[in-house]
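Asker: Below is the file query_13.pdb, which contains PDB, C-alpha atoms and all ligand atoms.
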ATOM      1  CA  MET R  14     158.439  52.316 141.916
ATOM      2  CA  PRO R  15     160.034  49.139 140.596
ATOM      3  CA  PHE R  16     160.967  46.834 143.425
ATOM      4  CA  ASP R  17     163.933  44.577 142.960
ATOM      5  CA  GLU R  18     163.319  41.093 144.401
ATOM      6  CA  ARG R  19     166.947  40.670 145.308
ATOM      7  CA  TYR R  20     166.544  43.754 147.425
ATOM      8  CA  VAL R  21     163.753  42.101 149.436
ATOM      9  CA  VAL R  22     165.768  38.930 150.007
ATOM     10  CA  SER R  23     168.815  40.767 151.296
ATOM     11  CA  SER R  24     166.876  43.633 152.837
ATOM     12  CA  GLU R  25     168.420  43.314 156.283
ATOM     13  CA  LYS R  26     171.949  43.597 155.006
ATOM     14  CA  GLN R  27     170.814  46.146 152.489
ATOM     15  CA  VAL R  28     169.229  48.386 155.121
ATOM     16  CA  ALA R  29     172.426  48.395 157.135
ATOM     17  CA  ALA R  30     174.425  49.160 154.024
ATOM     18  CA  GLU R  31     172.009  51.887 153.008
ATOM     19  CA  LEU R  32     172.227  53.536 156.397
ATOM     20  CA  GLU R  33     175.961  53.430 156.145
ATOM     21  CA  HIS R  34     175.798  54.921 152.668
ATOM     22  CA  ALA R  35     173.295  57.552 153.720
ATOM     23  CA  LEU R  36     175.519  58.706 156.551
ATOM     24  CA  ASP R  37     178.484  58.677 154.236
ATOM     25  CA  ARG R  38     176.546  60.691 151.697
ATOM     26  CA  MET R  39     175.488  63.254 154.277
ATOM     27  CA  ARG R  40     179.116  63.777 155.131
ATOM     28  CA  ASN R  41     180.158  63.834 151.478
ATOM     29  CA  ARG R  42     177.319  65.616 149.746
ATOM     30  CA  ASP R  43     179.332  66.382 146.656
ATOM     31  CA  ARG R  44     179.808  62.681 145.896
ATOM     32  CA  GLY R  45     176.088  62.010 145.634
ATOM     33  CA  THR R  46     173.757  63.163 142.922
ATOM     34  CA  ALA R  47     170.832  65.214 144.161
ATOM     35  CA  PRO R  48     167.370  63.842 143.360
ATOM     36  CA  VAL R  49     165.348  65.840 140.871
ATOM     37  CA  MET R  50     162.124  67.422 142.108
ATOM     38  CA  ILE R  51     159.112  66.635 139.931
ATOM     39  CA  ASP R  52     155.700  67.937 141.074
ATOM     40  CA  GLY R  53     157.162  68.448 144.542
ATOM     41  CA  GLN R  54     158.313  64.816 144.741
ATOM     42  CA  PRO R  55     161.972  63.812 144.904
ATOM     43  CA  CYS R  56     162.693  61.540 141.950
ATOM     44  CA  CYS R  57     165.618  59.510 140.668
ATOM     45  CA  ALA R  58     168.113  61.799 138.951
ATOM     46  CA  GLU R  59     168.543  59.275 136.129
ATOM     47  CA  CYS R  60     165.197  57.628 135.381
ATOM     48  CA  GLU R  61     162.971  60.167 137.203
ATOM     49  CA  GLU R  62     161.148  57.471 139.165
ATOM     50  CA  PRO R  63     159.566  58.969 142.340
ATOM     51  CA  MET R  64     161.509  57.768 145.393
ATOM     52  CA  PRO R  65     160.711  59.913 148.468
ATOM     53  CA  LYS R  66     162.021  57.286 150.916
ATOM     54  CA  ARG R  67     165.380  56.939 149.185
ATOM     55  CA  ALA R  68     165.687  60.686 148.849
ATOM     56  CA  ARG R  69     165.255  60.936 152.618
ATOM     57  CA  LEU R  70     168.121  58.466 153.007
ATOM     58  CA  GLY R  71     170.271  60.828 150.991
ATOM     59  CA  TYR R  72     170.134  59.056 147.644
ATOM     60  CA  GLY R  73     169.730  60.857 144.355
ATOM     61  CA  ARG R  74     169.025  57.680 142.415
ATOM     62  CA  CYS R  75     166.580  54.780 142.644
ATOM     63  CA  ILE R  76     167.791  51.303 143.609
ATOM     64  CA  ASP R  77     168.381  50.218 140.018
ATOM     65  CA  CYS R  78     170.234  53.333 138.929
ATOM     66  CA  GLN R  79     172.212  53.504 142.173
ATOM     67  CA  SER R  80     173.457  49.915 141.985
ATOM     68  CA  ARG R  81     174.348  50.381 138.339
ATOM     69  CA  HIS R  82     176.123  53.600 139.206
ATOM     70  CA  GLU R  83     178.074  52.009 142.054
ATOM     71  CA  ARG R  84     179.095  49.093 139.861
ATOM     72  CA  THR R  85     180.451  51.432 137.194
ATOM     73  CA  GLN R  86     182.058  53.761 139.751
ATOM     74  CA  GLY R  87     183.718  50.939 141.658
ATOM     75  CA  GLU R  88     183.088  52.659 144.971
TER      76      GLU R  88
HETATM   77 ZN    ZN D   1     166.470  55.446 138.515
END
Would you mind writing the structure in this file as structure tokens?
Ligand SMILES: [Zn+2]
Answerer:
Amino acid sequence: MPFDERYVVSSEKQVAAELEHALDRMRNRDRGTAPVMIDGQPCCAECEEPMPKRARLGYGRCIDCQSRHERTQGE
């Protein structure tokens, strides 16, 4: 899975934000895109990159697709 360097640098903040988002997503399932299952692995709904950890956090997209999505959604 592609790993964004900016993500590493701000990982502490990012983890807190992700937890917040994950909780939010669990409460608002309809707002999130479900990951696609490929060979039994949850993958990004947009680029189909395997991302089991993010799927467990409630994300349907990988880091790249999610940040792009959030920028265009303005949420
Ligand atoms: Zn993706």
Asker: Could I get the residues of chain R with an atom no further than 7 Å from an atom of ligand ZN 1 (chain D), each paired with its nearest atom pair and that distance in Å to one decimal, using only C-alpha atoms and all ligand atoms, sorted by chain and residue number, as a Markdown table?
Answerer:
| residue | atom | partner | partner_atom | distance |
| --- | --- | --- | --- | --- |
| R:Cys57 | CA | D:ZN1 | ZN | 4.7 |
| R:Ala58 | CA | D:ZN1 | ZN | 6.6 |
| R:Glu59 | CA | D:ZN1 | ZN | 5.0 |
| R:Cys60 | CA | D:ZN1 | ZN | 4.0 |
| R:Glu61 | CA | D:ZN1 | ZN | 6.0 |
| R:Glu62 | CA | D:ZN1 | ZN | 5.7 |
| R:Arg74 | CA | D:ZN1 | ZN | 5.2 |
| R:Cys75 | CA | D:ZN1 | ZN | 4.2 |
| R:Ile76 | CA | D:ZN1 | ZN | 6.7 |
| R:Asp77 | CA | D:ZN1 | ZN | 5.8 |
| R:Cys78 | CA | D:ZN1 | ZN | 4.3 |
Asker: List the residues selected by the PyMOL selection byres (((chain R and resi 55) around 10) and not hetatm) in the file shown, writing them as number ranges by chain.
Answerer: R: 47-54, 56-58, 61-69, 72-74
Asker: Please, what distance in Å, to one decimal, runs between atom CA of Leu36 of chain R and atom CA of Gly71 of chain R?
Answerer: 7.9 Å
Asker: Take atom CA of Leu70 of chain R and atom CA of Ala35 of chain R and report the distance between them in Å, one decimal.
Answerer: 5.3 Å
Asker: What does the distance from atom CA of Thr46 of chain R to atom CA of Glu31 of chain R come to in Å, to one decimal?
Answerer: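 Distance reported for this atom pair: 15.2 Å.
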Asker: Would you output segment 26-65 of chain R from that structure, restricted to N, CA and C atoms, as a PDB file, in the first residue's frame?
Answerer:
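In the end it all went to result17.pdb:
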ATOM      1  N   LYS R  26      -1.265  13.371  15.212  1.00  0.00           N
ATOM      2  CA  LYS R  26      -2.491  14.134  14.964  1.00  0.00           C
ATOM      3  C   LYS R  26      -3.448  13.331  14.095  1.00  0.00           C
ATOM      4  N   GLN R  27      -2.840  12.698  13.096  1.00  0.00           N
ATOM      5  CA  GLN R  27      -3.627  11.954  12.122  1.00  0.00           C
ATOM      6  C   GLN R  27      -4.383  10.807  12.792  1.00  0.00           C
ATOM      7  N   VAL R  28      -3.703  10.104  13.697  1.00  0.00           N
ATOM      8  CA  VAL R  28      -4.343   8.980  14.379  1.00  0.00           C
ATOM      9  C   VAL R  28      -5.545   9.467  15.174  1.00  0.00           C
ATOM     10  N   ALA R  29      -5.369  10.576  15.872  1.00  0.00           N
ATOM     11  CA  ALA R  29      -6.479  11.124  16.640  1.00  0.00           C
ATOM     12  C   ALA R  29      -7.628  11.505  15.714  1.00  0.00           C
ATOM     13  N   ALA R  30      -7.272  12.117  14.607  1.00  0.00           N
ATOM     14  CA  ALA R  30      -8.298  12.531  13.646  1.00  0.00           C
ATOM     15  C   ALA R  30      -8.981  11.312  13.033  1.00  0.00           C
ATOM     16  N   GLU R  31      -8.191  10.286  12.762  1.00  0.00           N
ATOM     17  CA  GLU R  31      -8.765   9.081  12.168  1.00  0.00           C
ATOM     18  C   GLU R  31      -9.723   8.395  13.128  1.00  0.00           C
ATOM     19  N   LEU R  32      -9.340   8.341  14.387  1.00  0.00           N
ATOM     20  CA  LEU R  32     -10.227   7.748  15.384  1.00  0.00           C
ATOM     21  C   LEU R  32     -11.537   8.510  15.434  1.00  0.00           C
ATOM     22  N   GLU R  33     -11.402   9.805  15.426  1.00  0.00           N
ATOM     23  CA  GLU R  33     -12.579  10.660  15.455  1.00  0.00           C
ATOM     24  C   GLU R  33     -13.467  10.378  14.238  1.00  0.00           C
ATOM     25  N   HIS R  34     -12.812  10.306  13.083  1.00  0.00           N
ATOM     26  CA  HIS R  34     -13.529  10.018  11.846  1.00  0.00           C
ATOM     27  C   HIS R  34     -14.161   8.638  11.868  1.00  0.00           C
ATOM     28  N   ALA R  35     -13.403   7.678  12.397  1.00  0.00           N
ATOM     29  CA  ALA R  35     -13.909   6.301  12.422  1.00  0.00           C
ATOM     30  C   ALA R  35     -15.168   6.218  13.269  1.00  0.00           C
ATOM     31  N   LEU R  36     -15.121   6.858  14.426  1.00  0.00           N
ATOM     32  CA  LEU R  36     -16.294   6.869  15.299  1.00  0.00           C
ATOM     33  C   LEU R  36     -17.456   7.554  14.603  1.00  0.00           C
ATOM     34  N   ASP R  37     -17.135   8.667  13.968  1.00  0.00           N
ATOM     35  CA  ASP R  37     -18.160   9.415  13.253  1.00  0.00           C
ATOM     36  C   ASP R  37     -18.776   8.548  12.159  1.00  0.00           C
ATOM     37  N   ARG R  38     -17.918   7.814  11.474  1.00  0.00           N
ATOM     38  CA  ARG R  38     -18.366   6.979  10.375  1.00  0.00           C
ATOM     39  C   ARG R  38     -19.233   5.821  10.874  1.00  0.00           C
ATOM     40  N   MET R  39     -18.870   5.294  12.043  1.00  0.00           N
ATOM     41  CA  MET R  39     -19.670   4.199  12.593  1.00  0.00           C
ATOM     42  C   MET R  39     -21.073   4.689  12.927  1.00  0.00           C
ATOM     43  N   ARG R  40     -21.140   5.929  13.352  1.00  0.00           N
ATOM     44  CA  ARG R  40     -22.452   6.484  13.690  1.00  0.00           C
ATOM     45  C   ARG R  40     -23.204   6.904  12.434  1.00  0.00           C
ATOM     46  N   ASN R  41     -22.468   7.211  11.376  1.00  0.00           N
ATOM     47  CA  ASN R  41     -23.100   7.696  10.148  1.00  0.00           C
ATOM     48  C   ASN R  41     -22.669   6.847   8.961  1.00  0.00           C
ATOM     49  N   ARG R  42     -22.997   5.579   9.035  1.00  0.00           N
ATOM     50  CA  ARG R  42     -22.560   4.629   8.019  1.00  0.00           C
ATOM     51  C   ARG R  42     -22.843   5.090   6.593  1.00  0.00           C
ATOM     52  N   ASP R  43     -23.979   5.690   6.400  1.00  0.00           N
ATOM     53  CA  ASP R  43     -24.390   6.043   5.046  1.00  0.00           C
ATOM     54  C   ASP R  43     -23.489   7.100   4.417  1.00  0.00           C
ATOM     55  N   ARG R  44     -22.752   7.844   5.251  1.00  0.00           N
ATOM     56  CA  ARG R  44     -21.882   8.888   4.698  1.00  0.00           C
ATOM     57  C   ARG R  44     -20.594   8.311   4.134  1.00  0.00           C
ATOM     58  N   GLY R  45     -20.186   7.158   4.645  1.00  0.00           N
ATOM     59  CA  GLY R  45     -18.940   6.555   4.194  1.00  0.00           C
ATOM     60  C   GLY R  45     -19.184   5.559   3.079  1.00  0.00           C
ATOM     61  N   THR R  46     -18.178   5.408   2.238  1.00  0.00           N
ATOM     62  CA  THR R  46     -18.235   4.401   1.198  1.00  0.00           C
ATOM     63  C   THR R  46     -17.716   3.089   1.771  1.00  0.00           C
ATOM     64  N   ALA R  47     -18.368   2.010   1.490  1.00  0.00           N
ATOM     65  CA  ALA R  47     -17.904   0.716   1.981  1.00  0.00           C
ATOM     66  C   ALA R  47     -16.709   0.260   1.151  1.00  0.00           C
ATOM     67  N   PRO R  48     -15.714  -0.356   1.809  1.00  0.00           N
ATOM     68  CA  PRO R  48     -14.588  -0.903   1.035  1.00  0.00           C
ATOM     69  C   PRO R  48     -15.068  -2.043   0.145  1.00  0.00           C
ATOM     70  N   VAL R  49     -14.373  -2.270  -0.942  1.00  0.00           N
ATOM     71  CA  VAL R  49     -14.729  -3.398  -1.799  1.00  0.00           C
ATOM     72  C   VAL R  49     -13.921  -4.621  -1.362  1.00  0.00           C
ATOM     73  N   MET R  50     -14.533  -5.781  -1.386  1.00  0.00           N
ATOM     74  CA  MET R  50     -13.847  -7.005  -0.996  1.00  0.00           C
ATOM     75  C   MET R  50     -13.246  -7.662  -2.230  1.00  0.00           C
ATOM     76  N   ILE R  51     -11.919  -7.816  -2.225  1.00  0.00           N
ATOM     77  CA  ILE R  51     -11.240  -8.487  -3.327  1.00  0.00           C
ATOM     78  C   ILE R  51     -10.413  -9.621  -2.740  1.00  0.00           C
ATOM     79  N   ASP R  52     -10.693 -10.854  -3.155  1.00  0.00           N
ATOM     80  CA  ASP R  52     -10.022 -12.042  -2.605  1.00  0.00           C
ATOM     81  C   ASP R  52     -10.100 -12.074  -1.079  1.00  0.00           C
ATOM     82  N   GLY R  53     -11.242 -11.678  -0.544  1.00  0.00           N
ATOM     83  CA  GLY R  53     -11.435 -11.713   0.904  1.00  0.00           C
ATOM     84  C   GLY R  53     -10.748 -10.594   1.653  1.00  0.00           C
ATOM     85  N   GLN R  54     -10.134  -9.648   0.919  1.00  0.00           N
ATOM     86  CA  GLN R  54      -9.440  -8.526   1.556  1.00  0.00           C
ATOM     87  C   GLN R  54     -10.212  -7.243   1.310  1.00  0.00           C
ATOM     88  N   PRO R  55     -10.438  -6.438   2.345  1.00  0.00           N
ATOM     89  CA  PRO R  55     -11.073  -5.144   2.121  1.00  0.00           C
ATOM     90  C   PRO R  55     -10.118  -4.210   1.388  1.00  0.00           C
ATOM     91  N   CYS R  56     -10.604  -3.621   0.299  1.00  0.00           N
ATOM     92  CA  CYS R  56      -9.762  -2.757  -0.524  1.00  0.00           C
ATOM     93  C   CYS R  56     -10.437  -1.412  -0.730  1.00  0.00           C
ATOM     94  N   CYS R  57      -9.609  -0.417  -1.077  1.00  0.00           N
ATOM     95  CA  CYS R  57     -10.108   0.918  -1.352  1.00  0.00           C
ATOM     96  C   CYS R  57     -11.197   0.864  -2.417  1.00  0.00           C
ATOM     97  N   ALA R  58     -12.308   1.563  -2.153  1.00  0.00           N
ATOM     98  CA  ALA R  58     -13.435   1.537  -3.073  1.00  0.00           C
ATOM     99  C   ALA R  58     -13.101   2.247  -4.385  1.00  0.00           C
ATOM    100  N   GLU R  59     -12.056   3.094  -4.370  1.00  0.00           N
ATOM    101  CA  GLU R  59     -11.745   3.851  -5.587  1.00  0.00           C
ATOM    102  C   GLU R  59     -10.585   3.252  -6.373  1.00  0.00           C
ATOM    103  N   CYS R  60      -9.457   2.993  -5.700  1.00  0.00           N
ATOM    104  CA  CYS R  60      -8.298   2.490  -6.444  1.00  0.00           C
ATOM    105  C   CYS R  60      -8.064   0.997  -6.219  1.00  0.00           C
ATOM    106  N   GLU R  61      -8.867   0.389  -5.332  1.00  0.00           N
ATOM    107  CA  GLU R  61      -8.806  -1.057  -5.072  1.00  0.00           C
ATOM    108  C   GLU R  61      -7.487  -1.513  -4.470  1.00  0.00           C
ATOM    109  N   GLU R  62      -6.819  -0.607  -3.774  1.00  0.00           N
ATOM    110  CA  GLU R  62      -5.614  -0.939  -3.013  1.00  0.00           C
ATOM    111  C   GLU R  62      -6.039  -1.665  -1.729  1.00  0.00           C
ATOM    112  N   PRO R  63      -5.428  -2.819  -1.399  1.00  0.00           N
ATOM    113  CA  PRO R  63      -5.782  -3.501  -0.143  1.00  0.00           C
ATOM    114  C   PRO R  63      -5.482  -2.614   1.061  1.00  0.00           C
ATOM    115  N   MET R  64      -6.414  -2.521   1.996  1.00  0.00           N
ATOM    116  CA  MET R  64      -6.204  -1.652   3.164  1.00  0.00           C
ATOM    117  C   MET R  64      -6.993  -2.195   4.348  1.00  0.00           C
ATOM    118  N   PRO R  65      -6.635  -3.403   4.833  1.00  0.00           N
ATOM    119  CA  PRO R  65      -7.371  -4.029   5.936  1.00  0.00           C
ATOM    120  C   PRO R  65      -7.414  -3.172   7.194  1.00  0.00           C
TER     121      PRO R  65
END
